[in-house]
$ cat entry05.txt   # compact mmCIF, C-alpha atoms
# COMPACT_ATOMS: atom_id res chain seq x y z
CA MET A 1 -17.17 -5.58 83.57
CA TRP A 2 -19.31 -6.74 86.47
CA THR A 3 -18.13 -6.10 90.01
CA LEU A 4 -19.37 -8.49 92.67
CA PHE A 5 -19.59 -7.15 96.23
CA GLN A 6 -19.09 -10.14 98.54
CA PHE A 7 -17.08 -11.75 101.33
CA PRO A 8 -15.45 -15.20 101.03
CA LEU A 9 -17.92 -17.06 103.28
CA CYS A 10 -21.15 -15.53 101.91
CA PRO A 11 -23.07 -18.58 100.60
CA PHE A 12 -25.35 -16.47 98.40
CA SER A 13 -22.35 -14.80 96.73
CA ARG A 14 -20.89 -18.28 96.20
CA LYS A 15 -24.10 -19.32 94.42
CA VAL A 16 -23.85 -16.32 92.08
CA ARG A 17 -20.12 -16.92 91.47
CA LEU A 18 -20.72 -20.55 90.54
CA LEU A 19 -23.51 -19.57 88.15
CA LEU A 20 -21.46 -16.79 86.51
CA SER A 21 -18.52 -19.12 86.09
CA GLU A 22 -20.65 -21.94 84.60
CA LYS A 23 -22.13 -19.40 82.17
CA GLY A 24 -18.73 -17.90 81.30
CA VAL A 25 -19.56 -14.40 82.57
CA GLY A 26 -16.49 -12.46 83.76
CA TYR A 27 -16.51 -10.43 86.97
CA GLU A 28 -14.24 -8.77 89.50
CA LEU A 29 -14.51 -9.28 93.23
CA THR A 30 -14.84 -6.48 95.76
CA ARG A 31 -14.73 -7.34 99.43
CA GLU A 32 -17.79 -6.14 101.33
CA ASN A 33 -18.59 -6.85 104.97
CA PRO A 34 -22.36 -6.24 105.02
CA TRP A 35 -22.39 -6.23 108.84
CA GLU A 36 -20.44 -2.95 108.73
CA ALA A 37 -23.43 -1.35 106.93
CA ARG A 38 -21.32 1.19 104.98
CA ASP A 39 -23.39 4.11 103.68
CA GLU A 40 -22.14 3.53 100.12
CA PHE A 41 -23.18 -0.13 100.32
CA LEU A 42 -26.61 0.76 101.71
CA ASP A 43 -27.04 3.07 98.71
CA LEU A 44 -26.33 0.11 96.42
CA ASN A 45 -28.60 -2.26 98.36
CA PRO A 46 -31.09 -1.04 101.00
CA ALA A 47 -31.41 -4.68 102.15
CA CYS A 48 -27.72 -4.38 103.19
CA ARG A 49 -26.90 -7.89 101.97
CA THR A 50 -24.33 -9.45 99.73
CA PRO A 51 -24.17 -10.29 96.86
CA VAL A 52 -24.57 -7.09 94.88
CA LEU A 53 -23.47 -7.05 91.26
CA HIS A 54 -22.74 -3.70 89.65
CA ASP A 55 -21.75 -2.68 86.13
CA ASP A 56 -20.76 0.94 85.56
CA GLU A 57 -20.92 0.72 81.75
CA ARG A 58 -24.43 -0.73 81.76
CA GLY A 59 -25.42 1.57 84.64
CA LEU A 60 -26.99 -1.50 86.23
CA THR A 61 -27.00 -2.76 89.81
CA LEU A 62 -28.40 -6.22 90.57
CA ARG A 63 -29.31 -7.24 94.13
CA ASP A 64 -30.59 -10.43 95.75
CA SER A 65 -28.95 -13.70 94.71
CA ARG A 66 -32.09 -15.25 93.23
CA ALA A 67 -32.92 -12.12 91.21
CA ILE A 68 -29.30 -12.09 89.97
CA CYS A 69 -29.44 -15.76 88.93
CA GLU A 70 -32.75 -15.26 87.10
CA TYR A 71 -31.24 -12.24 85.29
CA PHE A 72 -28.30 -14.25 83.93
CA GLU A 73 -30.55 -17.20 83.12
CA GLU A 74 -32.61 -14.82 80.96
CA THR A 75 -29.72 -12.99 79.34
CA VAL A 76 -27.03 -15.69 78.84
CA ASP A 77 -27.94 -18.81 76.85
CA LYS A 78 -24.85 -20.84 77.80
CA SER A 79 -25.37 -23.58 80.44
CA PRO A 80 -29.06 -23.08 81.27
CA MET A 81 -29.57 -23.69 84.97
CA ILE A 82 -33.35 -23.12 85.32
CA ASN A 83 -34.28 -25.34 82.43
CA GLY A 84 -37.12 -27.59 81.29
CA THR A 85 -40.90 -27.38 81.49
CA SER A 86 -42.60 -24.94 83.84
CA ALA A 87 -43.15 -27.80 86.30
CA GLN A 88 -39.45 -28.72 86.17
CA ARG A 89 -38.49 -25.06 86.60
CA ALA A 90 -40.82 -24.89 89.62
CA GLU A 91 -39.03 -27.92 91.11
CA ILE A 92 -35.62 -26.25 90.60
CA ARG A 93 -36.86 -23.02 92.22
CA ARG A 94 -38.52 -24.91 95.08
CA LEU A 95 -35.21 -26.59 95.92
CA VAL A 96 -33.25 -23.34 95.59
CA ALA A 97 -35.63 -21.81 98.16
CA LEU A 98 -35.24 -24.87 100.42
CA PHE A 99 -31.44 -24.53 100.40
CA ASP A 100 -31.37 -20.70 100.52
CA GLU A 101 -33.84 -20.54 103.39
CA ASN A 102 -34.02 -23.79 105.38
CA LEU A 103 -30.50 -25.16 104.91
CA TYR A 104 -29.11 -21.66 105.39
CA GLY A 105 -31.30 -20.89 108.40
CA ASP A 106 -30.78 -24.26 110.13
CA ILE A 107 -27.05 -24.69 109.55
CA VAL A 108 -25.12 -21.98 107.73
CA ALA A 109 -26.49 -18.93 109.56
CA PRO A 110 -25.78 -20.33 113.06
CA LEU A 111 -22.32 -21.54 111.96
CA LEU A 112 -21.48 -18.12 110.49
CA HIS A 113 -22.67 -16.45 113.69
CA GLU A 114 -20.83 -18.75 116.09
CA ARG A 115 -17.62 -19.39 114.15
CA MET A 116 -17.17 -16.22 112.05
CA LYS A 117 -19.02 -13.25 113.57
CA LYS A 118 -18.21 -14.14 117.18
CA ARG A 119 -14.54 -14.58 116.29
CA LEU A 120 -14.03 -11.62 113.95
CA ILE A 121 -16.53 -9.08 115.25
CA LEU A 122 -17.95 -9.86 118.67
CA ARG A 123 -14.78 -11.44 120.14
CA GLN A 124 -16.80 -14.06 121.99
CA PRO A 125 -16.37 -17.84 122.22
CA PRO A 126 -18.84 -19.93 120.17
CA ASP A 127 -21.86 -21.47 121.92
CA ALA A 128 -21.30 -25.25 121.84
CA ARG A 129 -25.03 -25.95 122.21
CA VAL A 130 -25.89 -23.92 119.09
CA LEU A 131 -23.11 -25.64 117.12
CA ARG A 132 -24.30 -29.09 118.21
CA GLU A 133 -27.87 -28.31 117.15
CA ALA A 134 -26.72 -27.00 113.73
CA MET A 135 -24.60 -30.09 113.10
CA LYS A 136 -27.52 -32.31 114.09
CA LEU A 137 -29.81 -30.52 111.63
CA ALA A 138 -27.10 -30.83 108.96
CA HIS A 139 -27.68 -34.58 109.00
CA THR A 140 -31.40 -34.08 108.30
CA HIS A 141 -30.58 -31.96 105.25
CA LEU A 142 -27.90 -34.40 104.07
CA TYR A 143 -30.39 -37.29 104.37
CA TYR A 144 -32.76 -35.37 102.10
CA ILE A 145 -29.95 -34.82 99.57
CA ASP A 146 -29.07 -38.55 99.84
CA TRP A 147 -32.70 -39.36 99.07
CA LEU A 148 -32.85 -36.98 96.10
CA ILE A 149 -29.64 -38.45 94.63
CA ASP A 150 -31.03 -41.96 95.15
CA ASN A 151 -33.89 -40.96 92.86
CA ARG A 152 -32.32 -38.58 90.35
CA PRO A 153 -28.90 -37.96 88.76
CA TRP A 154 -28.93 -34.33 89.95
CA LEU A 155 -30.91 -32.71 92.77
CA ALA A 156 -33.76 -31.35 90.64
CA GLY A 157 -33.79 -33.99 87.90
CA SER A 158 -31.80 -35.29 84.97
CA GLN A 159 -29.63 -32.20 84.49
CA MET A 160 -27.41 -30.08 86.69
CA SER A 161 -29.35 -26.98 87.72
CA LEU A 162 -29.38 -23.97 89.99
CA ALA A 163 -30.62 -26.32 92.73
CA ASP A 164 -27.24 -28.13 92.73
CA ILE A 165 -25.40 -24.82 92.72
CA ALA A 166 -27.50 -23.41 95.59
CA ALA A 167 -27.06 -26.53 97.75
CA ALA A 168 -23.31 -26.78 97.07
CA ALA A 169 -22.81 -23.09 97.82
CA GLN A 170 -24.45 -23.44 101.25
CA LEU A 171 -22.74 -26.75 102.04
CA SER A 172 -19.31 -25.44 101.03
CA VAL A 173 -19.58 -22.67 103.65
CA ALA A 174 -20.84 -25.11 106.30
CA ASP A 175 -17.97 -27.47 105.38
CA TYR A 176 -15.41 -24.64 105.61
CA LEU A 177 -16.68 -23.90 109.12
CA GLY A 178 -16.34 -27.56 110.18
CA GLY A 179 -20.10 -28.08 110.41
CA ILE A 180 -20.45 -31.06 108.07
CA ASP A 181 -19.81 -34.68 109.02
CA TRP A 182 -20.12 -36.57 105.73
CA THR A 183 -20.03 -40.00 107.43
CA GLY A 184 -23.01 -42.09 106.34
CA HIS A 185 -23.95 -39.72 103.50
CA GLU A 186 -22.31 -41.45 100.55
CA GLN A 187 -24.80 -40.19 97.98
CA ALA A 188 -24.54 -36.56 99.12
CA GLN A 189 -20.76 -36.85 99.37
CA GLY A 190 -20.46 -38.35 95.89
CA TRP A 191 -22.68 -35.66 94.41
CA TYR A 192 -20.71 -32.91 96.21
CA SER A 193 -17.37 -34.36 95.01
CA VAL A 194 -18.53 -34.12 91.41
CA LEU A 195 -19.47 -30.45 91.90
CA LYS A 196 -16.23 -29.68 93.75
CA SER A 197 -14.21 -31.00 90.82
CA ARG A 198 -15.77 -28.54 88.36
CA PRO A 199 -13.56 -25.61 87.26
CA SER A 200 -16.24 -23.19 88.55
CA PHE A 201 -15.66 -24.45 92.11
CA ARG A 202 -11.87 -24.14 92.24
CA PRO A 203 -11.55 -20.41 92.99
CA LEU A 204 -13.96 -20.82 95.94
CA LEU A 205 -12.03 -23.73 97.42
CA SER A 206 -8.69 -21.93 97.30
CA GLU A 207 -9.91 -18.74 99.02
CA ARG A 208 -9.57 -18.20 102.73
CA MET A 209 -11.41 -15.98 105.18
CA GLU A 210 -8.95 -14.16 107.44
CA VAL A 211 -8.13 -15.89 110.77
CA ILE A 212 -10.57 -18.80 110.15
CA GLN A 213 -9.08 -21.97 108.64
CA PRO A 214 -11.15 -24.77 107.09
CA PRO A 215 -10.66 -28.46 107.97
CA GLU A 216 -8.13 -30.40 105.91
CA HIS A 217 -10.66 -32.20 103.70
CA TYR A 218 -12.38 -28.93 102.67
CA ALA A 219 -10.49 -28.21 99.43
CA LYS A 220 -9.80 -31.84 98.43
CA VAL A 221 -11.93 -32.79 95.46
CA ASP A 222 -11.86 -36.50 96.27
CA ALA A 223 -12.87 -36.12 99.94
CA MET B 224 -58.77 -27.52 90.31
CA TRP B 225 -55.89 -26.20 92.39
CA THR B 226 -56.01 -26.65 96.17
CA LEU B 227 -54.07 -24.10 98.22
CA PHE B 228 -52.82 -25.25 101.63
CA GLN B 229 -52.66 -22.14 103.81
CA PHE B 230 -53.80 -20.34 106.97
CA PRO B 231 -55.48 -16.91 106.96
CA LEU B 232 -52.50 -14.95 108.28
CA CYS B 233 -49.78 -16.58 106.14
CA PRO B 234 -48.34 -13.62 104.17
CA PHE B 235 -46.77 -15.87 101.52
CA SER B 236 -50.10 -17.61 100.88
CA ARG B 237 -51.69 -14.15 100.58
CA LYS B 238 -49.13 -13.23 97.92
CA VAL B 239 -50.01 -16.37 95.93
CA ARG B 240 -53.77 -15.78 96.38
CA LEU B 241 -53.49 -12.20 95.11
CA LEU B 242 -51.51 -13.35 92.09
CA LEU B 243 -53.91 -16.19 91.26
CA SER B 244 -56.86 -13.87 91.56
CA GLU B 245 -55.29 -11.16 89.37
CA LYS B 246 -54.54 -13.84 86.77
CA GLY B 247 -58.03 -15.35 86.99
CA VAL B 248 -56.84 -18.78 88.16
CA GLY B 249 -59.42 -20.61 90.30
CA TYR B 250 -58.47 -22.46 93.48
CA GLU B 251 -59.91 -23.96 96.65
CA LEU B 252 -58.59 -23.24 100.11
CA THR B 253 -57.52 -25.91 102.60
CA ARG B 254 -56.58 -24.84 106.08
CA GLU B 255 -53.10 -25.94 107.09
CA ASN B 256 -51.26 -25.04 110.29
CA PRO B 257 -47.63 -25.68 109.29
CA TRP B 258 -46.51 -25.47 112.95
CA GLU B 259 -48.40 -28.75 113.57
CA ALA B 260 -46.03 -30.47 111.09
CA ARG B 261 -48.59 -33.10 109.97
CA ASP B 262 -46.95 -36.08 108.30
CA GLU B 263 -49.18 -35.71 105.23
CA PHE B 264 -48.16 -32.06 104.91
CA LEU B 265 -44.45 -32.89 105.30
CA ASP B 266 -44.89 -35.37 102.45
CA LEU B 267 -46.24 -32.54 100.30
CA ASN B 268 -43.54 -30.08 101.36
CA PRO B 269 -40.40 -31.17 103.24
CA ALA B 270 -39.78 -27.48 104.03
CA CYS B 271 -43.02 -27.68 106.09
CA ARG B 272 -44.16 -24.24 104.99
CA THR B 273 -47.29 -22.77 103.47
CA PRO B 274 -48.27 -22.10 100.73
CA VAL B 275 -48.44 -25.43 98.92
CA LEU B 276 -50.53 -25.67 95.77
CA HIS B 277 -51.67 -29.09 94.62
CA ASP B 278 -53.61 -30.29 91.60
CA ASP B 279 -54.70 -33.94 91.53
CA GLU B 280 -55.65 -33.92 87.83
CA ARG B 281 -52.29 -32.51 86.75
CA GLY B 282 -50.49 -34.64 89.36
CA LEU B 283 -48.55 -31.51 90.26
CA THR B 284 -47.54 -30.06 93.63
CA LEU B 285 -46.02 -26.59 93.75
CA ARG B 286 -44.13 -25.37 96.81
CA ASP B 287 -42.45 -22.09 97.82
CA SER B 288 -44.35 -18.89 97.13
CA ARG B 289 -41.80 -17.45 94.72
CA ALA B 290 -41.55 -20.69 92.73
CA ILE B 291 -45.37 -20.76 92.58
CA CYS B 292 -45.57 -17.15 91.34
CA GLU B 293 -42.92 -17.78 88.67
CA TYR B 294 -44.86 -20.88 87.54
CA PHE B 295 -48.09 -18.93 86.96
CA GLU B 296 -46.18 -16.05 85.38
CA GLU B 297 -44.80 -18.57 82.87
CA THR B 298 -48.03 -20.46 82.24
CA VAL B 299 -50.76 -17.76 82.38
CA ASP B 300 -50.49 -14.77 80.04
CA LYS B 301 -53.19 -12.67 81.72
CA SER B 302 -51.98 -9.80 83.94
CA PRO B 303 -48.20 -10.27 83.70
CA MET B 304 -46.64 -9.45 87.06
CA ILE B 305 -42.93 -10.03 86.35
CA ASN B 306 -42.88 -7.98 83.20
CA GLY B 307 -40.51 -5.82 81.14
CA THR B 308 -36.82 -6.04 80.27
CA SER B 309 -34.51 -8.38 82.17
CA ALA B 310 -33.29 -5.39 84.20
CA GLN B 311 -36.88 -4.45 85.09
CA ARG B 312 -37.66 -8.06 86.00
CA ALA B 313 -34.55 -8.08 88.22
CA GLU B 314 -35.86 -4.96 89.97
CA ILE B 315 -39.25 -6.64 90.57
CA ARG B 316 -37.57 -9.78 91.93
CA ARG B 317 -35.17 -7.73 94.10
CA LEU B 318 -38.12 -5.98 95.75
CA VAL B 319 -40.07 -9.23 96.18
CA ALA B 320 -37.03 -10.63 98.05
CA LEU B 321 -36.78 -7.45 100.14
CA PHE B 322 -40.43 -7.76 101.22
CA ASP B 323 -40.42 -11.58 101.58
CA GLU B 324 -37.21 -11.60 103.64
CA ASN B 325 -36.51 -8.24 105.30
CA LEU B 326 -40.03 -6.87 105.77
CA TYR B 327 -41.20 -10.32 106.84
CA GLY B 328 -38.23 -10.93 109.14
CA ASP B 329 -38.24 -7.47 110.75
CA ILE B 330 -42.00 -7.03 111.24
CA VAL B 331 -44.35 -9.82 110.20
CA ALA B 332 -42.49 -12.79 111.73
CA PRO B 333 -42.18 -11.19 115.20
CA LEU B 334 -45.82 -10.00 115.07
CA LEU B 335 -47.01 -13.49 114.10
CA HIS B 336 -44.96 -14.98 116.90
CA GLU B 337 -46.03 -12.55 119.61
CA ARG B 338 -49.66 -12.00 118.62
CA MET B 339 -50.68 -15.27 116.93
CA LYS B 340 -48.44 -18.16 118.03
CA LYS B 341 -48.18 -17.06 121.67
CA ARG B 342 -51.95 -16.63 121.83
CA LEU B 343 -53.09 -19.73 119.92
CA ILE B 344 -50.33 -22.22 120.59
CA LEU B 345 -47.97 -21.25 123.40
CA ARG B 346 -50.61 -19.55 125.62
CA GLN B 347 -48.16 -16.86 126.67
CA PRO B 348 -48.52 -13.07 126.80
CA PRO B 349 -46.76 -11.13 124.01
CA ASP B 350 -43.38 -9.52 124.72
CA ALA B 351 -43.97 -5.74 124.60
CA ARG B 352 -40.30 -5.06 123.85
CA VAL B 353 -40.36 -7.27 120.73
CA LEU B 354 -43.61 -5.64 119.53
CA ARG B 355 -42.17 -2.14 120.03
CA GLU B 356 -39.05 -3.01 118.04
CA ALA B 357 -41.13 -4.50 115.19
CA MET B 358 -43.37 -1.42 115.03
CA LYS B 359 -40.30 0.82 115.00
CA LEU B 360 -38.81 -1.14 112.10
CA ALA B 361 -42.18 -0.95 110.30
CA HIS B 362 -41.63 2.80 109.95
CA THR B 363 -38.27 2.21 108.26
CA HIS B 364 -39.91 -0.08 105.70
CA LEU B 365 -42.85 2.32 105.19
CA TYR B 366 -40.40 5.21 104.60
CA TYR B 367 -38.77 3.14 101.88
CA ILE B 368 -42.17 2.48 100.28
CA ASP B 369 -42.98 6.22 100.58
CA TRP B 370 -39.73 6.94 98.76
CA LEU B 371 -40.41 4.41 96.01
CA ILE B 372 -43.93 5.82 95.44
CA ASP B 373 -42.48 9.36 95.34
CA ASN B 374 -40.39 8.20 92.40
CA ARG B 375 -42.60 5.68 90.57
CA PRO B 376 -46.33 5.01 90.07
CA TRP B 377 -45.91 1.46 91.42
CA LEU B 378 -43.20 -0.02 93.63
CA ALA B 379 -41.06 -1.51 90.86
CA GLY B 380 -41.84 0.96 88.06
CA SER B 381 -44.60 2.12 85.77
CA GLN B 382 -46.79 -0.98 86.10
CA MET B 383 -48.29 -2.95 88.96
CA SER B 384 -46.09 -6.00 89.57
CA LEU B 385 -45.39 -8.89 91.91
CA ALA B 386 -43.43 -6.38 94.04
CA ASP B 387 -46.68 -4.56 94.90
CA ILE B 388 -48.43 -7.86 95.61
CA ALA B 389 -45.57 -9.12 97.82
CA ALA B 390 -45.40 -5.88 99.84
CA ALA B 391 -49.18 -5.61 100.25
CA ALA B 392 -49.43 -9.27 101.33
CA GLN B 393 -46.87 -8.74 104.12
CA LEU B 394 -48.30 -5.37 105.17
CA SER B 395 -51.87 -6.71 105.26
CA VAL B 396 -50.84 -9.32 107.85
CA ALA B 397 -48.90 -6.75 109.89
CA ASP B 398 -51.91 -4.42 109.69
CA TYR B 399 -54.27 -7.21 110.81
CA LEU B 400 -52.04 -7.76 113.84
CA GLY B 401 -52.09 -4.06 114.75
CA GLY B 402 -48.44 -3.55 113.85
CA ILE B 403 -48.79 -0.71 111.35
CA ASP B 404 -49.15 2.96 112.24
CA TRP B 405 -49.83 4.66 108.90
CA THR B 406 -49.45 8.20 110.35
CA GLY B 407 -46.92 10.17 108.32
CA HIS B 408 -46.83 7.65 105.49
CA GLU B 409 -49.26 9.24 103.04
CA GLN B 410 -47.61 7.79 99.95
CA ALA B 411 -47.50 4.25 101.30
CA GLN B 412 -51.06 4.57 102.62
CA GLY B 413 -52.36 5.88 99.29
CA TRP B 414 -50.62 3.09 97.38
CA TYR B 415 -51.97 0.46 99.81
CA SER B 416 -55.53 1.87 99.56
CA VAL B 417 -55.45 1.41 95.79
CA LEU B 418 -54.39 -2.23 96.20
CA LYS B 419 -56.96 -2.86 98.95
CA SER B 420 -59.75 -1.69 96.65
CA ARG B 421 -58.95 -4.29 93.99
CA PRO B 422 -61.33 -7.27 93.74
CA SER B 423 -58.39 -9.65 94.35
CA PHE B 424 -57.92 -8.17 97.84
CA ARG B 425 -61.50 -8.43 99.07
CA PRO B 426 -61.56 -12.11 100.12
CA LEU B 427 -58.43 -11.57 102.20
CA LEU B 428 -59.86 -8.55 104.01
CA SER B 429 -63.09 -10.33 104.96
CA GLU B 430 -61.40 -13.43 106.43
CA ARG B 431 -60.64 -13.75 110.11
CA MET B 432 -58.17 -15.86 112.05
CA GLU B 433 -59.87 -17.52 115.03
CA VAL B 434 -59.68 -15.58 118.33
CA ILE B 435 -57.57 -12.74 116.88
CA GLN B 436 -59.46 -9.66 115.69
CA PRO B 437 -57.95 -6.98 113.44
CA PRO B 438 -58.17 -3.22 114.22
CA GLU B 439 -61.21 -1.39 112.87
CA HIS B 440 -59.45 0.28 109.92
CA TYR B 441 -58.05 -3.06 108.63
CA ALA B 442 -60.78 -3.96 106.12
CA LYS B 443 -61.77 -0.39 105.15
CA VAL B 444 -60.58 0.36 101.65
CA ASP B 445 -60.46 4.13 102.23
CA ALA B 446 -58.45 3.98 105.46
$ encode --input "entry05.txt" --output "structure tokens"
Amino acid sequence: MWTLFQFPLCPFSRKVRLLLSEKGVGYELTRENPWEARDEFLDLNPACRTPVLHDDERGLTLRDSRAICEYFEETVDKSPMINGTSAQRAEIRRLVALFDENLYGDIVAPLLHERMKKRLILRQPPDARVLREAMKLAHTHLYYIDWLIDNRPWLAGSQMSLADIAAAAQLSVADYLGGIDWTGHEQAQGWYSVLKSRPSFRPLLSERMEVIQPPEHYAKVDA
Amino acid sequence: MWTLFQFPLCPFSRKVRLLLSEKGVGYELTRENPWEARDEFLDLNPACRTPVLHDDERGLTLRDSRAICEYFEETVDKSPMINGTSAQRAEIRRLVALFDENLYGDIVAPLLHERMKKRLILRQPPDARVLREAMKLAHTHLYYIDWLIDNRPWLAGSQMSLADIAAAAQLSVADYLGGIDWTGHEQAQGWYSVLKSRPSFRPLLSERMEVIQPPEHYAKVDA
């Protein structure tokens, strides 16, 4: 059995969980706060990041969310998520990088710092200026998702792919932290509602991070 | 013919150039300064990052260095660089992420900011404290490479892989910017010398970024 080291608001762990669930791969959760930099966790992953996926029986430890997703794409046939021609696969991977790096860096990382780390670890009030800037940039990313959905059924093309999973994982954390104003983004909101209503999404929506509560619409699949 | 949009000190473009060269894929270079955010470049890549690889004949634009490398791994058989079992491929991809994200974030990004952007764009002096911290962290990353090379012929295992290319691409930029003190890192230095002496590396070592000169040892393959 796989054990996933993660914390509830880690967007990269959410991406892996969605993929594993879509592919029907079972796993157990272990809570890991990477910011505590436990020696045992550093031994598992010198990059000191979640997610880490470990299987004692296989004697295998997987690290880095993209490497983990590629591994299961190669080893589990069910629900291919990096599918199509090499050019289509390049488009999926390009979007995954855009969401993992730009959407994360512009929106999710500052929200996690201001609304989670400052509250739980640093015991400081959030910086309103940083939050405003992140929420402004969120609109830029949502406009791009609107545009993609205007042109394609799913973000990377005609089929659901890892690009949808990566974007939804990041947005779900931003939404939990109150950083997403969906007003004026009907296409993005419609696309996200469809993903939220999938069985793979339900466990994520029902989990809570201690102390921090999401806004009311967060777990509603029709909102 | 492929056209690669890049600038000489972009470590991610260097990774793609090394891979293309090892695989025998021809390409032309086009200079792009992503920080200028040209409209035409934003049309090619909304993430506004180099490298971008474009082919008019194929009508294909590839973006994101990892997506580009996976594309050529899938389409060109020569010199496989993400090779082996799925577990071995996961190890290669885990290390690529470690070098692309942690080594880049800890060392190369601050060096590029302090020694390239401040000089060429912002016209400010570098912050000595930031440079000291980056050079301190460089030792941590070099110790990890020393340790890997103590245990394996190449960074990810018994064969040269994209992990070696990704690490060498980042380190070559840090070395150009005077951020690497190789003293006490015999294993890492020996491994890097072997890579530097490959034909794929030579064009990189002979190029210069305007105004900024590398230290004397930078282009020497035996240093």
$ atom_distance --input "entry05.txt" --atom1 "atom CA of A:Gln88" --atom2 "atom CA of A:Gly157"
7.9 Å
$ closest_residue --input "entry05.txt" --among "B:Ala260, B:Val331, B:Val444, B:Leu285" --to "chain A" --atoms "all atoms listed in the file"
B:Leu285
$ interface_residues --input "entry05.txt" --of "chain B" --to "chain A" --cutoff "8 Å" --atoms "all atoms listed in the file" --output "list in words"
Ala270, Leu283, Leu285, Arg286, Asp287, Arg289, Ala290, Ile291, Glu293, Tyr294, Glu297, Thr298, Ser309, Ala310, Arg312, Ala313, Glu314, Arg316, Arg317, Ala320, Leu321 and Asn325 of chain B
$ write_last_selection --input "entry05.txt" --atoms "C-alpha atoms" --output "PDB file, in the coordinates of the input"
ATOM      1  CA  ALA B 270     -39.780 -27.480 104.030  1.00  0.00           C
ATOM      2  CA  LEU B 283     -48.550 -31.510  90.260  1.00  0.00           C
ATOM      3  CA  LEU B 285     -46.020 -26.590  93.750  1.00  0.00           C
ATOM      4  CA  ARG B 286     -44.130 -25.370  96.810  1.00  0.00           C
ATOM      5  CA  ASP B 287     -42.450 -22.090  97.820  1.00  0.00           C
ATOM      6  CA  ARG B 289     -41.800 -17.450  94.720  1.00  0.00           C
ATOM      7  CA  ALA B 290     -41.550 -20.690  92.730  1.00  0.00           C
ATOM      8  CA  ILE B 291     -45.370 -20.760  92.580  1.00  0.00           C
ATOM      9  CA  GLU B 293     -42.920 -17.780  88.670  1.00  0.00           C
ATOM     10  CA  TYR B 294     -44.860 -20.880  87.540  1.00  0.00           C
ATOM     11  CA  GLU B 297     -44.800 -18.570  82.870  1.00  0.00           C
ATOM     12  CA  THR B 298     -48.030 -20.460  82.240  1.00  0.00           C
ATOM     13  CA  SER B 309     -34.510  -8.380  82.170  1.00  0.00           C
ATOM     14  CA  ALA B 310     -33.290  -5.390  84.200  1.00  0.00           C
ATOM     15  CA  ARG B 312     -37.660  -8.060  86.000  1.00  0.00           C
ATOM     16  CA  ALA B 313     -34.550  -8.080  88.220  1.00  0.00           C
ATOM     17  CA  GLU B 314     -35.860  -4.960  89.970  1.00  0.00           C
ATOM     18  CA  ARG B 316     -37.570  -9.780  91.930  1.00  0.00           C
ATOM     19  CA  ARG B 317     -35.170  -7.730  94.100  1.00  0.00           C
ATOM     20  CA  ALA B 320     -37.030 -10.630  98.050  1.00  0.00           C
ATOM     21  CA  LEU B 321     -36.780  -7.450 100.140  1.00  0.00           C
ATOM     22  CA  ASN B 325     -36.510  -8.240 105.300  1.00  0.00           C
TER      23      ASN B 325
END
$ residues_around --input "entry05.txt" --residues "A:Ile212" --least-positions-apart "3" --cutoff "9 Å" --atoms "all atoms listed in the file" --output "CSV table (one decimal) with C-alpha atoms, in the frame of the given file"
chain,number,residue,atom,x,y,z
A,115,ARG,CA,-17.6,-19.4,114.2
A,116,MET,CA,-17.2,-16.2,112.0
A,119,ARG,CA,-14.5,-14.6,116.3
A,120,LEU,CA,-14.0,-11.6,114.0
A,176,TYR,CA,-15.4,-24.6,105.6
A,177,LEU,CA,-16.7,-23.9,109.1
A,208,ARG,CA,-9.6,-18.2,102.7
A,209,MET,CA,-11.4,-16.0,105.2
$ residues_around --input "entry05.txt" --residues "B:Pro437" --least-positions-apart "4" --cutoff "12 Å" --atoms "only C-alpha atoms" --output "ChimeraX atom specification"
/B:232,338-339,395-403,428-433,441-443
$ atom_distance --input "entry05.txt" --atom1 "atom CA of A:Arg202" --atom2 "atom CA of A:Leu171"
14.9 Å
$ atom_distance --input "entry05.txt" --atom1 "atom CA of A:Ala166" --atom2 "atom CA of A:Trp147"
17.1 Å
$ closest_residue --input "entry05.txt" --among "A:Val25, A:Leu142, A:Leu4, A:Ala128" --to "A:Gln189" --atoms "only C-alpha atoms"
A:Leu142
$ residues_near_point --input "entry05.txt" --point "(-45.0, -19.9, 106.3)" --cutoff "6 Å" --atoms "all atoms listed in the file" --output "ChimeraX atom specification"
/B:233,272-273
$ residues_near_point --input "entry05.txt" --point "(-26.2, -43.6, 97.0)" --cutoff "12 Å" --atoms "all atoms listed in the file" --output "tab-separated table (two decimals) with C-alpha atoms, in the frame of the given file"
chain	number	residue	atom	x	y	z
A	142	LEU	CA	-27.90	-34.40	104.07
A	143	TYR	CA	-30.39	-37.29	104.37
A	144	TYR	CA	-32.76	-35.37	102.10
A	145	ILE	CA	-29.95	-34.82	99.57
A	146	ASP	CA	-29.07	-38.55	99.84
A	147	TRP	CA	-32.70	-39.36	99.07
A	148	LEU	CA	-32.85	-36.98	96.10
A	149	ILE	CA	-29.64	-38.45	94.63
A	150	ASP	CA	-31.03	-41.96	95.15
A	151	ASN	CA	-33.89	-40.96	92.86
A	152	ARG	CA	-32.32	-38.58	90.35
A	153	PRO	CA	-28.90	-37.96	88.76
A	154	TRP	CA	-28.93	-34.33	89.95
A	184	GLY	CA	-23.01	-42.09	106.34
A	185	HIS	CA	-23.95	-39.72	103.50
A	186	GLU	CA	-22.31	-41.45	100.55
A	187	GLN	CA	-24.80	-40.19	97.98
A	188	ALA	CA	-24.54	-36.56	99.12
A	189	GLN	CA	-20.76	-36.85	99.37
A	190	GLY	CA	-20.46	-38.35	95.89
A	191	TRP	CA	-22.68	-35.66	94.41
$ residues_around --input "entry05.txt" --residues "stretch 381-383 of chain B" --least-positions-apart "2" --cutoff "10 Å" --atoms "all atoms listed in the file" --output "PyMOL selection string"
chain B and resi 302-307+315+374-379+385-388+418
